[in-house]
Amino acid sequence: MLRVLLALSALLLTGCSSALRAEMLSPTDIGLEWRGSATQAVEFATEPDGPYTVLQYAPPSQHAYKHPDLMPRTPFYYRLRSVLGPASDTVSVSLPPGDFDESADHSWAPPRVVASSSIRHPVRSSGATPTDVRAEVKHANGILFTWTDNAADEEGYFLEVRAAGAPEFRVAAVLDADVNSFGLVTLAEEKVAEYRVRAYFSGELSNVVRLVTGG
């Protein structure tokens with residue numbers, strides 16, 4: 001019994017997903033199903049050893065994904081990769097009315113590394129939590145985010161958003177390690193939203209499933 005409890009505790013700490021299942025929904029559509037309690041990178045490849053490409057960073061409540069309109073008579077390999085890490089406090093942003101202006105200056109938006117903490121902590125510790133998150137409204141659809149990078153060995157950063165009325169956060173942007181300045185162009189439903197920054201690392205991989213499309 002103790003061994004079972006230890007195994008269950010390990011699964012919770014690593015965010016490991018349960019078995020991934022796949023089925024043909026049509027000759028060129030594949031459906032995936034799983035269970036889990038962490039954000040999952042849903043990945044696919046067309047060779048057994050990859051390279052794998054991320055289809056979506058699925059939030060914890062999502063347990064299915066449809067991969068449509070695939071190449072016929074082609075093998076597809078799928079796996080899940082749990083994505084974990086400490087998230088910052090949330091910041092709330094209300095944008096002014098208006099549509100996206102393509103002629104606006106967006107030189108502030110590309111990911112950057114700016115002055116940050118000189119003391120870094122392992123990403124698996126609470127000390128790696130991003131702090132001092134600031135959101136500066138640049139225009140009706142643009143927000144500049146900055147934060148203090150406290151992580152020493154993160155794989156990268158997620159900028160996560162929860163639009164008003166949405167049940168949970170989703171990944172809005174995936175950024176390289178050490179980045180702590182980024183400008184987000186928002187979606188129409190994100191005029192009022194909460195944001196947070198997460199230093200992330202990969203947990204365990206699921207099993208790999210293979211299906212061959214028809215057609």
# chains A, B, ... in the order shown; residues from 1 in each chain; ligands from 1
$ residues_around --residues "range 79-94 of chain A" --least-positions-apart "3" --cutoff "7 Å" --atoms "only C-alpha atoms" --output "JSON, numbers by chain"
{"A": [15, 16, 17, 38, 39, 40, 41, 42, 43, 44, 123, 124, 126, 128, 129, 130, 131, 191, 192, 193, 194, 195, 196, 197, 198, 199, 200, 201, 202, 203, 204, 205, 206, 207, 208, 209]}
$ write_last_selection --atoms "C-alpha atoms" --output "short mmCIF file (atom, residue, chain, number, x, y, z; two decimals), in the first residue's frame"
data_model
loop_
_atom_site.label_atom_id
_atom_site.label_comp_id
_atom_site.auth_asym_id
_atom_site.auth_seq_id
_atom_site.Cartn_x
_atom_site.Cartn_y
_atom_site.Cartn_z
CA GLY A 15 2.01 16.24 -13.57
CA CYS A 16 2.28 12.97 -15.47
CA SER A 17 -0.69 12.34 -17.69
CA ALA A 38 -1.68 19.80 -15.55
CA THR A 39 -1.22 21.84 -18.68
CA GLN A 40 -0.33 19.40 -21.46
CA ALA A 41 1.74 20.04 -24.57
CA VAL A 42 -0.06 17.99 -27.24
CA GLU A 43 2.65 16.92 -29.70
CA PHE A 44 2.79 15.01 -32.98
CA VAL A 123 12.56 26.49 -11.46
CA ARG A 124 11.11 23.67 -9.37
CA SER A 126 8.79 28.64 -5.20
CA ALA A 128 11.59 30.93 -9.10
CA THR A 129 8.13 32.50 -9.24
CA PRO A 130 8.12 35.57 -11.51
CA THR A 131 7.58 38.78 -9.53
CA LYS A 191 -10.61 43.51 -23.82
CA VAL A 192 -10.99 42.69 -20.14
CA ALA A 193 -8.75 39.90 -18.87
CA GLU A 194 -6.37 38.65 -16.20
CA TYR A 195 -2.78 37.74 -17.00
CA ARG A 196 0.05 35.92 -15.29
CA VAL A 197 3.58 34.78 -16.14
CA ARG A 198 4.84 31.24 -15.55
CA ALA A 199 8.41 29.94 -15.55
CA TYR A 200 7.98 26.45 -16.97
CA PHE A 201 9.70 23.09 -17.22
CA SER A 202 8.64 19.82 -18.79
CA GLY A 203 7.32 16.95 -16.69
CA GLU A 204 6.98 13.35 -17.76
CA LEU A 205 5.93 12.16 -21.20
CA SER A 206 2.87 10.04 -21.83
CA ASN A 207 2.86 6.90 -23.90
CA VAL A 208 3.19 7.36 -27.67
CA VAL A 209 0.27 6.35 -29.91
#
$ residues_around --residues "Tyr65 in chain A" --least-positions-apart "5" --cutoff "10 Å" --atoms "only C-alpha atoms" --output "list in words"
Ala22, Ile30, Gly31, Leu32, Glu33, Trp34, Val42, Leu55, Gln56 and Ala58 of chain A
$ select_by_dssp --residues "range 22-159 of chain A" --states "strand (DSSP E or B)" --output "VMD selection string"
chain A and resid 22 to 26 29 to 33 39 to 45 53 to 58 64 to 67 75 to 84 87 91 to 94 112 121 131 to 139 142 to 148 151 156 to 159
$ closest_residue --among "A:Phe76, A:Phe100, A:Tyr157, A:Phe182" --to "Val114 in chain A" --atoms "only C-alpha atoms"
A:Phe182
$ closest_atom_pairs --of "range 173-200 of chain A" --to "range 139-153 of chain A" --cutoff "9 Å" --atoms "only C-alpha atoms" --output "JSON lines"
{"residue": "A:Ala177", "atom": "CA", "partner": "A:Asp153", "partner_atom": "CA", "distance": 8.0}
{"residue": "A:Asp178", "atom": "CA", "partner": "A:Asp149", "partner_atom": "CA", "distance": 6.5}
{"residue": "A:Val179", "atom": "CA", "partner": "A:Asp149", "partner_atom": "CA", "distance": 7.7}
{"residue": "A:Asn180", "atom": "CA", "partner": "A:Trp147", "partner_atom": "CA", "distance": 5.3}
{"residue": "A:Ser181", "atom": "CA", "partner": "A:Thr146", "partner_atom": "CA", "distance": 4.4}
{"residue": "A:Phe182", "atom": "CA", "partner": "A:Phe145", "partner_atom": "CA", "distance": 5.3}
{"residue": "A:Gly183", "atom": "CA", "partner": "A:Leu144", "partner_atom": "CA", "distance": 4.2}
{"residue": "A:Leu184", "atom": "CA", "partner": "A:Ile143", "partner_atom": "CA", "distance": 5.3}
{"residue": "A:Val185", "atom": "CA", "partner": "A:Gly142", "partner_atom": "CA", "distance": 4.7}
{"residue": "A:Thr186", "atom": "CA", "partner": "A:Asn141", "partner_atom": "CA", "distance": 5.2}
{"residue": "A:Leu187", "atom": "CA", "partner": "A:Asn141", "partner_atom": "CA", "distance": 7.5}
{"residue": "A:Ala188", "atom": "CA", "partner": "A:Asn141", "partner_atom": "CA", "distance": 8.1}
{"residue": "A:Glu190", "atom": "CA", "partner": "A:Asn141", "partner_atom": "CA", "distance": 8.6}
{"residue": "A:Lys191", "atom": "CA", "partner": "A:Asn141", "partner_atom": "CA", "distance": 7.6}
{"residue": "A:Val197", "atom": "CA", "partner": "A:Trp147", "partner_atom": "CA", "distance": 8.1}
{"residue": "A:Ala199", "atom": "CA", "partner": "A:Ala151", "partner_atom": "CA", "distance": 7.0}
$ atom_distance --atom1 "CA of Leu25 in chain A" --atom2 "CA of Pro68 in chain A"
8.9 Å
$ select_by_dssp --residues "range 63-198 of chain A" --states "helix (DSSP H, G or I)" --output "count of residues only"
6
$ atom_distance --atom1 "CA of Glu23 in chain A" --atom2 "CA of Pro75 in chain A"
12.8 Å
$ closest_residue --among "A:Pro111, A:Gly36, A:Leu211, A:Arg21" --to "Tyr77 in chain A" --atoms "only C-alpha atoms"
A:Leu211
$ closest_residue --among "A:Tyr57, A:Gly215, A:Ala104, A:Met71" --to "Ala173 in chain A" --atoms "only C-alpha atoms"
A:Tyr57
$ atom_distance --atom1 "CA of Ala164 in chain A" --atom2 "CA of Arg112 in chain A"
27.9 Å
